[in-house]
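For reference, the structure discussed in these notes is given below.
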Number of protein chains: 4
Amino acid sequence: MKAVRLHEYHRTPVVEEVPEPKITGPLDVIVRVGGAGLCRTDLHIVEGQWEAKTGVALPYIQGHENAGWVHEIGGAVTNVAVGDPVILHPLVTCGLCAACRRGDDVHCESSAFPGIDADGGFAELVRTNARAVVKLDAGLAPADVAALADAGLTAYHAAKKAAGRLAPGDKAVVIGAGGLGHIGVQALRALSPAELIVVDRSPEALKLAETLGAHRTVVADGTHVERVRELTGEQGAEVVVDFVGEGGALEDGVAMLRRAGDYHVVGYGGVLSVPTIDIISAEINFVGNLVGSYTELAELMALAARGQVTLHTVGYPLDAFTQALDDLDHGRVRGRAVLVP
Amino acid sequence: MKAVRLHEYHRTPVVEEVPEPKITGPLDVIVRVGGAGLCRTDLHIVEGQWEAKTGVALPYIQGHENAGWVHEIGGAVTNVAVGDPVILHPLVTCGLCAACRRGDDVHCESSAFPGIDADGGFAELVRTNARAVVKLDAGLAPADVAALADAGLTAYHAAKKAAGRLAPGDKAVVIGAGGLGHIGVQALRALSPAELIVVDRSPEALKLAETLGAHRTVVADGTHVERVRELTGEQGAEVVVDFVGEGGALEDGVAMLRRAGDYHVVGYGGVLSVPTIDIISAEINFVGNLVGSYTELAELMALAARGQVTLHTVGYPLDAFTQALDDLDHGRVRGRAVLVP
Amino acid sequence: MKAVRLHEYHRTPVVEEVPEPKITGPLDVIVRVGGAGLCRTDLHIVEGQWEAKTGVALPYIQGHENAGWVHEIGGAVTNVAVGDPVILHPLVTCGLCAACRRGDDVHCESSAFPGIDADGGFAELVRTNARAVVKLDAGLAPADVAALADAGLTAYHAAKKAAGRLAPGDKAVVIGAGGLGHIGVQALRALSPAELIVVDRSPEALKLAETLGAHRTVVADGTHVERVRELTGEQGAEVVVDFVGEGGALEDGVAMLRRAGDYHVVGYGGVLSVPTIDIISAEINFVGNLVGSYTELAELMALAARGQVTLHTVGYPLDAFTQALDDLDHGRVRGRAVLVP
Amino acid sequence: MKAVRLHEYHRTPVVEEVPEPKITGPLDVIVRVGGAGLCRTDLHIVEGQWEAKTGVALPYIQGHENAGWVHEIGGAVTNVAVGDPVILHPLVTCGLCAACRRGDDVHCESSAFPGIDADGGFAELVRTNARAVVKLDAGLAPADVAALADAGLTAYHAAKKAAGRLAPGDKAVVIGAGGLGHIGVQALRALSPAELIVVDRSPEALKLAETLGAHRTVVADGTHVERVRELTGEQGAEVVVDFVGEGGALEDGVAMLRRAGDYHVVGYGGVLSVPTIDIISAEINFVGNLVGSYTELAELMALAARGQVTLHTVGYPLDAFTQALDDLDHGRVRGRAVLVP
């Protein structure tokens with residue numbers, strides 16, 4: 001089959017013929033790729049930033065946001081049949097550890113991550129397992145939703161946890177209306193009645209956020225903390241969801257938080273640094289957020305099927321991979337780039 | 001192997017040689033039985049009360065509360081090894097349906113129930129799957145905990161749901177201190193700070209309840225509703241856990257419930273009949289309770305390992321099955337009867 | 001001041017001059033009525049159905065859904081000032097009992113209920129206390145929201161409890177799209193991502209429900225249970241909110257419920273009658289619902305201020321009370337009748 | 001009456017005659033002090049550390065952990081009568097703001113804090129309000145429980161929040177077994193089934209912790225992080241409750257936390273500093289904890305009444321205040337110092 005493989009760090013991956021993946025375990029599922037999201041993580045992998053972390057043997061196939069159609073199934077697979085359209089949860093989990101048994105897939109004690117530490121979806125076929133495949137509603141095309149499999153699922157997960165405490169009249173600040181943030185805005189609109197205040201440096205991103213459901217937008221121009229405090233009656237917001245997590249976002253975000261508020265950390269890169277006296281005297285919380293569970297991916301697809309979460313995507317054939325990577329690197333992709341083999 | 005098989009309804013099951021179970025699926029686990037609880041359901045099965053419900057083909061092996069040691073495993077089993085001591089969750093679940101993926105095993109869309117609708121544990125070996133086996137702490141003997149696998153797990157499940165809303169100063173009434181109830185009392189003591197008031201017709205059962213943690217006991221002699229109201233400052237209890245569910249228990253239990261209280265239905269047989277005006281004007285809730293999840297069985301074993309839940313058992317060899325059944329039928333078993341092959 | 005007073009049961013209340021209410025306690029608040037909802041309960045009061053229950057001394061002033069402007073305040077009132085537009089929580093609560101201290105106003109141990117057991121809002125002025133007044137957003141006119149104070153708050157309360165367990169992809173059935181139900185539909189849309197299926201006998205009520213956010217509507221024509229099961233993939237709905245509570249609604253509603261589902265009882269009149277075996281084998285719950293708390297009334301007003309909950313009302317001057325009562329009695333009021341003194 | 005008053009920062013407060021407090025508002029309550037806890041905060045106040053924060057006018061009476069008997073009540077007080085034994089919630093709250101209405105007293109928008117920013121309990125009489133007084137069970141003497149009013153309530157509050165997610169088999173680490181910590185250990189034992197691992201520098205404090213319910217104790221001698229990881233199967237604990245919050249406690253505590261674990265910040269002084277990548281990749285949470293609510297103080301008293309929370313106290317007459325302060329300053333108080341006027 002045709003695939004894009006990384007042969008060496010710091011060198012562009014190559015489009016080439018490779019052997020097809022085979023069913024090796026009873027719960028294996030091989031999926032014909034209908035779309036594979038390309039994201040900044042893929043750039044970082046090529047740059048070698050993940051080398052030490054994953055230790056994956058080269059050459060290997062990237063692509064960790066995948067959707068397509070079931071191509072072949074192992075003998076114990078009962079939840080999908082050949083031909084079913086599916087989106088793939090990013091993790092291939094064991095199903096037997098304590099975390100899996102609670103439905104907390106993400107903390108599985110022995111999971112694999114195709115596209116990161118195993119062959120992924122920049123190919124005609126990708127191998128995953130029965131525990132990763134969510135059947136798609138007839139109205140959803142794999143290429144249109146593929147990019148929701150990881151980034152989108154992370155944003156949804158944070159939004160769902162945040163929504164749990166939001167009541168009408170509450171305010172929620174979303175910091176960053178980019179790739180994750182604009183899914184977060186849609187998910188918060190679907191899941192909570194709170195007033196959404198979106199903060200971003202880019203007036204264009206804010207314009208998009210407005211069309212997706214933001215009630216208020218604030219340009220991050222240095223006066224944004226005061227502006228948010230003004231919009232929250234000088235009290236701060238019950239919830240801040242921070243999709244940036246670096247630069248001044250953390251300090252600003254904490255300053256926007258109301259007493260007893262929840263600060264959701266989603267973006268990363270910086271260091272959270274807060275005097276404990278401030279944590280206890282305002283009784284605020286910091287909540288970590290990783291990617292969502294299988295159940296949450298099914299929920300996100302239910303929202304997508306009803307049009308409550310949409311994504312702007314730009315398709316590239318596998319052969320145009322270099323072009324896609326280059327467009328992404330130079331900020332020429334509006335929305336998400338998706339490889340369509 | 002030796003097993004007890006039911007050949008015909010209304011006839012005593014027979015101890016005989018039968019073929020050993022075989023591994024047929026990759027997640028199958030065969031367990032050498034260390035103990036198999038015998039309960040009233042087994043009497044009812046013999047009497048034919050479950051015939052229409054399960055449609056199980058005769059002859060078959062009963063025994064749905066099982067523990068022992070792993071004897072053989074299928075190719076995809078990773079969570080136990082041959083020789084491990086284990087207790088068996090009563091259901092063999094699929095692991096792939098929406099309920100299983102949430103950790104809600106009990107509502108699995110395609111489960112089997114060994115001992116009820118498939119061969120069970122009144123035998124030297126029993127077949128289950130990897131999703132049903134909970135490894136036992138070194139300090140726990142299979143024969144001692146087997147009877148917790150179903151009845152005990154049901155009581156724990158109800159106690160856990162009930163405990164979620166109980167704070168210090170609250171009162172919880174337990175109706176019925178028999179097989180399930182006396183596990184429920186221990187679980188409530190371990191999980192909640194509420195004052196426990198136990199109601200039963202039998203002064204002996206109440207005496208046992210006291211040694212297991214009941215703060216107050218009330219003989220169900222006709223004055224028990226008034227007595228409970230007295231013990232709750234005429235307000236009723238925040239929670240009633242009804243392990244009886246028939247006779248006058250329901251009417252009495254509802255009369256013991258405080259405004260905004262939760263009534264947990266565990267025992268069954270009767271009909272819950274309440275005017276809707278009473279439900280809304282006191283804003284009370286009725287909560288159904290089935291057996292617990294795999295995770296809850298692991299939790300119950302953690303309590304057992306610390307000695308916070310104990311069970312009085314009487315062992316019988318397989319050959320003494322008829323004796324055991326007869327003792328059970330005539331109320332001669334103190335605690336739980338357990339077949340020890 | 002002018003007021004409508006009931007002098008004798010079974011006789012139409014009389015519009016007459018009465019003494020103005022006086023501040024007697026430090027937390028008292030007197031409100032100039034801007035709107036007082038008239039509902040079927042008012043008809044039942046006149047018919048004497050509440051006589052034994054409340055024992056209120058005649059003559060007295062009905063009107064238990066009130067909004068207006070603060071007219072005078074007691075010495076310890078700090079949360080509102082004279083002139084503030086307010087809606088009144090139906091109960092005048094003590095603020096010091098255990099329930100009040102938890103924010104659970106509705107189970108206050110010593111509350112009064114103006115319009116039911118004390119003088120209410122069918123008058124130019126009504127007395128309540130500081131704990132009952134919710135300040136209105138500038139965009140909300142008292143006469144437009146008054147009818148949300150009791151019926152609307154009950155529907156919101158049930159919707160909020162129901163929404164707590166609803167995720168995308170879940171289904172919620174609303175039985176009854178009348179006075180409470182159509183507020184319930186709007187609240188469920190605002191608070192949950194579930195698919196809403198509304199069942200009612202009246203095609204007109206269903207048409208209204210659609211414009212308010214129902215995803216599906218089903219005429220209660222005898223085939224409605226099958227129709228709902230069809231719409232829920234033969235599984236039933238995760239939640240049923242029953243605003244009828246009598247006739248066949250209960251039996252039908254239970255038949256529409258999914259395993260592990262929640263049945264919210266809001267409407268009343270009938271008897272809930274379910275075998276305990278059905279409660280435990282499907283592990284279903286029955287949840288009572290009374291009127292909401294002060295905090296929930298504030299939340300409902302936040303939704304109303306954003307136009308997410310609207311109400312069709314027909315205004316009548318105090319002098320037209322007899323006409324209003326007569327219109328209500330003969331089903332000539334579309335939406336809610338509101339007295340506007 | 002006799003009282004201890006601070007006339008000047010950095011000077012020992014003086015025992016002297018002062019005017020008795022008077023009822024000035026309808027909800028005022030004057031309490032005859034039966035015991036007033038003395039804590040390190042009192043030393044810090046004398047040292048001027050709170051001067052800028054509170055701006056309290058000197059001279060004033062310290063003492064913020066008070067219990068006694070109701071001496072006089074305002075006209076609107078209905079929940080206590082003269083002579084009732086009571087413990088005082090540390091805050092005098094308004095009862096009318098949004099936080100108070102939710103039962104979240106601690107975030108009241110306009111509270112006073114007797115002993116900190118108003119006259120407190122180092123006196124024969126202290127003024128509070130009806131919303132602060134919790135009636136004591138007949139078996140509890142004010143002097144014995146006074147010191148639970150603030151420090152104890154903070155520890156209970158954190159323990160209760162932590163217990164909400166703890167199941168049998170989970171581990172909870174308590175860092176610091178001093179004043180707050182040893183209450184925290186007792187509260188965790190009462191509220192949760194988790195295995196408690198207590199870490200402290202002092203072997204004596206650990207010995208006390210064992211008698212109070214700690215399952216395991218670990219001396220903080222530099223190897224404690226490894227020791228805790230060992231005791232948690234190298235996974236870390238589901239919950240860490242940090243009563244220290246400075247020195248190396250934070251770094252150590254985070255290293256003891258399991259994936260998806262909760263870190264409860266109670267002690268303060270240091271700076272929480274964690275890379276956001278660590279927060280999201282392990283998906284951990286940091287939870288701020290301030291003092292508990294009125295309802296929680298009532299719950300803590302219910303535990304105390306049953307002997308599940310006990311406190312070692314050393315009584316001093318008011319005249320011995322200088323001695324008490326000096327003993328506290330030099331670490332000569334075993335347990336808590338309590339002034340008994």
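By convention in this document, the chains of the structure tokens carry letters A, B, ... by their order, each chain's residues are numbered from 1, and ligands are numbered from 1 in the order they are shown.
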Sorted per-residue table, chain C near chain D, closest atoms and distance, 10 Å, only C-alpha atoms, as CSV:
```
residue,atom,partner,partner_atom,distance
C:Gly25,CA,D:Ala76,CA,7.5
C:Pro26,CA,D:Pro26,CA,6.8
C:Leu27,CA,D:Ala76,CA,8.7
C:Gly75,CA,D:Pro26,CA,8.7
C:Ala76,CA,D:Pro26,CA,7.3
C:Val77,CA,D:Leu96,CA,8.6
C:Thr78,CA,D:Leu96,CA,7.6
C:Asn79,CA,D:Leu96,CA,6.3
C:Val80,CA,D:Leu96,CA,9.7
C:Cys94,CA,D:Thr78,CA,8.5
C:Gly95,CA,D:Gly95,CA,7.3
C:Leu96,CA,D:Asn79,CA,6.3
C:Cys97,CA,D:Asn79,CA,7.1
C:Ala98,CA,D:Thr295,CA,7.2
C:Ala99,CA,D:Thr295,CA,9.2
C:Cys100,CA,D:Gly103,CA,7.8
C:Arg101,CA,D:Gly103,CA,5.3
C:Arg102,CA,D:Gly103,CA,4.4
C:Gly103,CA,D:Arg102,CA,4.4
C:Asp104,CA,D:Arg102,CA,7.9
C:Asp105,CA,D:Arg101,CA,8.6
C:Ala130,CA,D:Leu96,CA,7.4
C:Arg131,CA,D:Leu96,CA,6.5
C:Ala132,CA,D:Leu96,CA,9.6
C:Val133,CA,D:Leu96,CA,9.8
C:Ser293,CA,D:Arg101,CA,9.0
C:Tyr294,CA,D:Arg101,CA,7.2
C:Thr295,CA,D:Arg102,CA,6.6
C:Glu296,CA,D:Arg102,CA,9.6
C:Ala298,CA,D:Ala98,CA,9.0
```
Once you have the residues from the selection above, write them out as a PDB file, in the first residue's frame, restricted to N, CA and C atoms.
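The resulting out_35.pdb:
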```pdb
ATOM      1  N   GLY C  25     -41.229  42.623  60.209  1.00  0.00           N
ATOM      2  CA  GLY C  25     -39.960  42.029  60.611  1.00  0.00           C
ATOM      3  C   GLY C  25     -38.810  42.690  59.873  1.00  0.00           C
ATOM      4  N   PRO C  26     -37.604  42.558  60.388  1.00  0.00           N
ATOM      5  CA  PRO C  26     -36.454  43.264  59.814  1.00  0.00           C
ATOM      6  C   PRO C  26     -36.087  42.798  58.407  1.00  0.00           C
ATOM      7  N   LEU C  27     -36.512  41.615  58.014  1.00  0.00           N
ATOM      8  CA  LEU C  27     -36.182  41.121  56.673  1.00  0.00           C
ATOM      9  C   LEU C  27     -37.368  41.197  55.719  1.00  0.00           C
ATOM     10  N   GLY C  75     -35.508  46.743  58.144  1.00  0.00           N
ATOM     11  CA  GLY C  75     -34.228  47.337  58.537  1.00  0.00           C
ATOM     12  C   GLY C  75     -33.004  46.488  58.259  1.00  0.00           C
ATOM     13  N   ALA C  76     -33.165  45.173  58.109  1.00  0.00           N
ATOM     14  CA  ALA C  76     -32.000  44.306  57.907  1.00  0.00           C
ATOM     15  C   ALA C  76     -31.853  43.856  56.462  1.00  0.00           C
ATOM     16  N   VAL C  77     -32.641  44.443  55.580  1.00  0.00           N
ATOM     17  CA  VAL C  77     -32.574  44.025  54.165  1.00  0.00           C
ATOM     18  C   VAL C  77     -31.423  44.738  53.464  1.00  0.00           C
ATOM     19  N   THR C  78     -30.526  43.956  52.878  1.00  0.00           N
ATOM     20  CA  THR C  78     -29.369  44.556  52.224  1.00  0.00           C
ATOM     21  C   THR C  78     -29.256  44.195  50.755  1.00  0.00           C
ATOM     22  N   ASN C  79     -30.054  43.247  50.305  1.00  0.00           N
ATOM     23  CA  ASN C  79     -29.862  42.761  48.932  1.00  0.00           C
ATOM     24  C   ASN C  79     -30.703  43.451  47.872  1.00  0.00           C
ATOM     25  N   VAL C  80     -31.716  44.182  48.289  1.00  0.00           N
ATOM     26  CA  VAL C  80     -32.500  44.955  47.321  1.00  0.00           C
ATOM     27  C   VAL C  80     -32.766  46.348  47.889  1.00  0.00           C
ATOM     28  N   CYS C  94     -36.991  30.613  56.244  1.00  0.00           N
ATOM     29  CA  CYS C  94     -36.431  31.116  57.507  1.00  0.00           C
ATOM     30  C   CYS C  94     -34.947  31.470  57.405  1.00  0.00           C
ATOM     31  N   GLY C  95     -34.213  30.768  56.570  1.00  0.00           N
ATOM     32  CA  GLY C  95     -32.798  31.078  56.405  1.00  0.00           C
ATOM     33  C   GLY C  95     -31.899  30.497  57.479  1.00  0.00           C
ATOM     34  N   LEU C  96     -32.464  29.862  58.478  1.00  0.00           N
ATOM     35  CA  LEU C  96     -31.645  29.400  59.609  1.00  0.00           C
ATOM     36  C   LEU C  96     -31.699  27.894  59.842  1.00  0.00           C
ATOM     37  N   CYS C  97     -32.653  27.210  59.249  1.00  0.00           N
ATOM     38  CA  CYS C  97     -32.722  25.756  59.457  1.00  0.00           C
ATOM     39  C   CYS C  97     -31.666  25.060  58.608  1.00  0.00           C
ATOM     40  N   ALA C  98     -31.485  23.769  58.855  1.00  0.00           N
ATOM     41  CA  ALA C  98     -30.446  23.016  58.145  1.00  0.00           C
ATOM     42  C   ALA C  98     -30.659  23.047  56.634  1.00  0.00           C
ATOM     43  N   ALA C  99     -31.909  22.899  56.199  1.00  0.00           N
ATOM     44  CA  ALA C  99     -32.172  22.897  54.760  1.00  0.00           C
ATOM     45  C   ALA C  99     -31.806  24.247  54.145  1.00  0.00           C
ATOM     46  N   CYS C 100     -32.260  25.332  54.755  1.00  0.00           N
ATOM     47  CA  CYS C 100     -31.929  26.662  54.242  1.00  0.00           C
ATOM     48  C   CYS C 100     -30.411  26.848  54.172  1.00  0.00           C
ATOM     49  N   ARG C 101     -29.702  26.359  55.166  1.00  0.00           N
ATOM     50  CA  ARG C 101     -28.256  26.559  55.211  1.00  0.00           C
ATOM     51  C   ARG C 101     -27.515  25.794  54.117  1.00  0.00           C
ATOM     52  N   ARG C 102     -28.164  24.773  53.573  1.00  0.00           N
ATOM     53  CA  ARG C 102     -27.571  24.035  52.457  1.00  0.00           C
ATOM     54  C   ARG C 102     -27.989  24.625  51.111  1.00  0.00           C
ATOM     55  N   GLY C 103     -28.826  25.653  51.118  1.00  0.00           N
ATOM     56  CA  GLY C 103     -29.313  26.203  49.861  1.00  0.00           C
ATOM     57  C   GLY C 103     -30.541  25.457  49.354  1.00  0.00           C
ATOM     58  N   ASP C 104     -31.086  24.614  50.203  1.00  0.00           N
ATOM     59  CA  ASP C 104     -32.224  23.788  49.824  1.00  0.00           C
ATOM     60  C   ASP C 104     -33.482  24.430  50.384  1.00  0.00           C
ATOM     61  N   ASP C 105     -33.823  25.614  49.845  1.00  0.00           N
ATOM     62  CA  ASP C 105     -34.877  26.456  50.402  1.00  0.00           C
ATOM     63  C   ASP C 105     -36.208  25.733  50.507  1.00  0.00           C
ATOM     64  N   ALA C 130     -36.701  39.265  52.349  1.00  0.00           N
ATOM     65  CA  ALA C 130     -35.482  39.491  51.564  1.00  0.00           C
ATOM     66  C   ALA C 130     -34.969  38.219  50.926  1.00  0.00           C
ATOM     67  N   ARG C 131     -35.256  37.076  51.534  1.00  0.00           N
ATOM     68  CA  ARG C 131     -34.775  35.807  50.999  1.00  0.00           C
ATOM     69  C   ARG C 131     -35.576  35.338  49.781  1.00  0.00           C
ATOM     70  N   ALA C 132     -36.666  36.040  49.455  1.00  0.00           N
ATOM     71  CA  ALA C 132     -37.494  35.596  48.328  1.00  0.00           C
ATOM     72  C   ALA C 132     -37.297  36.432  47.075  1.00  0.00           C
ATOM     73  N   VAL C 133     -36.623  37.579  47.184  1.00  0.00           N
ATOM     74  CA  VAL C 133     -36.591  38.493  46.036  1.00  0.00           C
ATOM     75  C   VAL C 133     -35.334  38.315  45.186  1.00  0.00           C
ATOM     76  N   SER C 293     -35.096  26.046  43.974  1.00  0.00           N
ATOM     77  CA  SER C 293     -34.547  26.901  45.026  1.00  0.00           C
ATOM     78  C   SER C 293     -34.429  28.352  44.559  1.00  0.00           C
ATOM     79  N   TYR C 294     -34.081  29.213  45.486  1.00  0.00           N
ATOM     80  CA  TYR C 294     -33.809  30.617  45.158  1.00  0.00           C
ATOM     81  C   TYR C 294     -32.728  30.718  44.100  1.00  0.00           C
ATOM     82  N   THR C 295     -31.655  29.950  44.273  1.00  0.00           N
ATOM     83  CA  THR C 295     -30.554  29.982  43.303  1.00  0.00           C
ATOM     84  C   THR C 295     -31.053  29.568  41.925  1.00  0.00           C
ATOM     85  N   GLU C 296     -31.914  28.570  41.897  1.00  0.00           N
ATOM     86  CA  GLU C 296     -32.440  28.130  40.601  1.00  0.00           C
ATOM     87  C   GLU C 296     -33.356  29.178  39.967  1.00  0.00           C
ATOM     88  N   ALA C 298     -32.887  32.360  40.256  1.00  0.00           N
ATOM     89  CA  ALA C 298     -31.932  33.315  39.681  1.00  0.00           C
ATOM     90  C   ALA C 298     -31.380  32.780  38.352  1.00  0.00           C
TER      91      ALA C 298
END
```
I'd like the neighbourhood of segment 55-62 of chain B as a compact mmCIF listing (two decimals) with all heavy atoms, in the first residue's frame, where a residue qualifies if any of its atoms comes within 8 Å (using only C-alpha atoms), though same-chain residues fewer than 5 positions away should be ignored.
```txt
# COMPACT_ATOMS: atom_id res chain seq x y z
N ALA B 3 -19.05 -32.67 38.73
CA ALA B 3 -19.93 -31.49 38.76
C ALA B 3 -21.31 -31.88 39.25
O ALA B 3 -21.67 -33.05 39.26
CB ALA B 3 -20.04 -30.87 37.37
N VAL B 4 -22.06 -30.88 39.68
CA VAL B 4 -23.46 -31.08 40.05
C VAL B 4 -24.30 -30.58 38.89
O VAL B 4 -24.21 -29.39 38.54
CB VAL B 4 -23.80 -30.28 41.32
CG1 VAL B 4 -25.26 -30.54 41.71
CG2 VAL B 4 -22.86 -30.63 42.46
N ARG B 5 -25.09 -31.45 38.28
CA ARG B 5 -25.88 -30.99 37.13
C ARG B 5 -27.37 -31.15 37.33
O ARG B 5 -27.85 -32.15 37.86
CB ARG B 5 -25.46 -31.72 35.86
CG ARG B 5 -24.12 -31.21 35.33
CD ARG B 5 -24.05 -31.37 33.84
NE ARG B 5 -24.15 -32.76 33.43
CZ ARG B 5 -23.95 -33.17 32.18
NH1 ARG B 5 -23.64 -32.29 31.23
NH2 ARG B 5 -24.05 -34.43 31.88
N LEU B 6 -28.08 -30.18 36.89
CA LEU B 6 -29.54 -30.22 36.91
C LEU B 6 -29.99 -30.87 35.61
O LEU B 6 -29.74 -30.35 34.52
CB LEU B 6 -30.10 -28.80 37.01
CG LEU B 6 -31.62 -28.65 36.98
CD1 LEU B 6 -32.23 -29.20 38.27
CD2 LEU B 6 -32.01 -27.19 36.79
N HIS B 7 -30.67 -32.00 35.71
CA HIS B 7 -31.14 -32.69 34.51
C HIS B 7 -32.60 -32.41 34.20
O HIS B 7 -33.03 -32.49 33.06
CB HIS B 7 -30.92 -34.21 34.66
CG HIS B 7 -29.51 -34.63 34.49
ND1 HIS B 7 -29.01 -35.20 33.34
CD2 HIS B 7 -28.44 -34.54 35.33
CE1 HIS B 7 -27.72 -35.45 33.47
NE2 HIS B 7 -27.34 -35.06 34.67
N GLU B 8 -33.33 -32.09 35.23
CA GLU B 8 -34.77 -31.91 35.05
C GLU B 8 -35.25 -30.97 36.15
O GLU B 8 -34.82 -31.09 37.30
CB GLU B 8 -35.45 -33.27 35.24
CG GLU B 8 -36.68 -33.48 34.40
CD GLU B 8 -37.19 -34.92 34.62
OE1 GLU B 8 -36.35 -35.84 34.63
OE2 GLU B 8 -38.39 -35.09 34.81
N ASP B 42 -30.70 -20.75 43.79
CA ASP B 42 -30.46 -22.12 43.33
C ASP B 42 -31.65 -23.02 43.61
O ASP B 42 -31.98 -23.90 42.80
CB ASP B 42 -29.18 -22.66 43.98
CG ASP B 42 -27.95 -21.92 43.47
OD1 ASP B 42 -27.77 -21.88 42.24
OD2 ASP B 42 -27.20 -21.36 44.30
N TRP B 50 -37.02 -20.21 37.04
CA TRP B 50 -36.22 -19.45 36.08
C TRP B 50 -36.27 -20.05 34.68
O TRP B 50 -35.63 -19.54 33.77
CB TRP B 50 -34.76 -19.37 36.57
CG TRP B 50 -34.58 -18.47 37.76
CD1 TRP B 50 -35.04 -18.66 39.02
CD2 TRP B 50 -33.89 -17.22 37.77
NE1 TRP B 50 -34.69 -17.61 39.83
CE2 TRP B 50 -33.98 -16.72 39.09
CE3 TRP B 50 -33.21 -16.47 36.81
CZ2 TRP B 50 -33.39 -15.50 39.47
CZ3 TRP B 50 -32.63 -15.26 37.18
CH2 TRP B 50 -32.74 -14.78 38.49
N PRO B 114 -22.90 -17.28 33.98
CA PRO B 114 -22.62 -18.67 34.33
C PRO B 114 -23.32 -19.05 35.64
O PRO B 114 -23.28 -18.29 36.60
CB PRO B 114 -21.10 -18.71 34.51
CG PRO B 114 -20.59 -17.56 33.70
CD PRO B 114 -21.66 -16.50 33.82
N GLY B 115 -23.91 -20.23 35.61
CA GLY B 115 -24.65 -20.68 36.78
C GLY B 115 -26.12 -20.39 36.63
O GLY B 115 -26.96 -20.98 37.33
N ILE B 116 -26.46 -19.46 35.75
CA ILE B 116 -27.86 -19.11 35.50
C ILE B 116 -28.24 -19.51 34.08
O ILE B 116 -29.14 -20.31 33.88
CB ILE B 116 -28.12 -17.60 35.73
CG1 ILE B 116 -27.73 -17.18 37.14
CG2 ILE B 116 -29.58 -17.25 35.42
CD1 ILE B 116 -28.62 -17.69 38.25
N ASP B 117 -27.53 -18.95 33.10
CA ASP B 117 -27.88 -19.29 31.71
C ASP B 117 -26.72 -19.99 30.97
O ASP B 117 -26.73 -20.10 29.75
CB ASP B 117 -28.36 -18.05 30.95
CG ASP B 117 -27.32 -16.94 30.90
OD1 ASP B 117 -26.13 -17.22 31.13
OD2 ASP B 117 -27.70 -15.79 30.61
N ALA B 118 -25.73 -20.42 31.74
CA ALA B 118 -24.60 -21.17 31.18
C ALA B 118 -24.02 -21.99 32.33
O ALA B 118 -24.36 -21.76 33.50
CB ALA B 118 -23.55 -20.22 30.62
N ASP B 119 -23.13 -22.93 32.02
CA ASP B 119 -22.57 -23.76 33.09
C ASP B 119 -21.83 -22.90 34.12
O ASP B 119 -21.06 -22.01 33.77
CB ASP B 119 -21.59 -24.80 32.50
CG ASP B 119 -22.35 -26.00 31.93
OD1 ASP B 119 -23.52 -26.21 32.31
OD2 ASP B 119 -21.76 -26.71 31.09
N GLY B 120 -22.07 -23.22 35.41
CA GLY B 120 -21.52 -22.42 36.49
C GLY B 120 -20.52 -23.17 37.35
O GLY B 120 -19.82 -24.07 36.86
N GLY B 121 -20.47 -22.79 38.63
CA GLY B 121 -19.37 -23.19 39.48
C GLY B 121 -19.57 -24.37 40.43
O GLY B 121 -18.70 -24.64 41.24
N PHE B 122 -20.70 -25.09 40.31
CA PHE B 122 -20.86 -26.30 41.14
C PHE B 122 -20.12 -27.43 40.45
O PHE B 122 -20.70 -28.43 40.02
CB PHE B 122 -22.34 -26.65 41.30
CG PHE B 122 -23.12 -25.67 42.12
CD1 PHE B 122 -24.52 -25.70 42.12
CD2 PHE B 122 -22.49 -24.71 42.92
CE1 PHE B 122 -25.26 -24.79 42.88
CE2 PHE B 122 -23.24 -23.80 43.67
CZ PHE B 122 -24.61 -23.84 43.65
N ALA B 123 -18.81 -27.29 40.34
CA ALA B 123 -17.98 -28.20 39.55
C ALA B 123 -16.53 -27.95 39.91
O ALA B 123 -16.20 -26.99 40.60
CB ALA B 123 -18.20 -27.91 38.06
```
(message) If we count only C-alpha atoms and set the cut-off at 12 Å, which residues sit around Arg189 of chain B, ignoring sequence neighbours fewer than 3 positions away in its own chain? Please answer as a PyMOL selection string.
(response) (chain B and resi 156+159-160+162-163+166+168+171-172+174+182-186+192-198+209-215+303+308-309) or (chain D and resi 189-193)
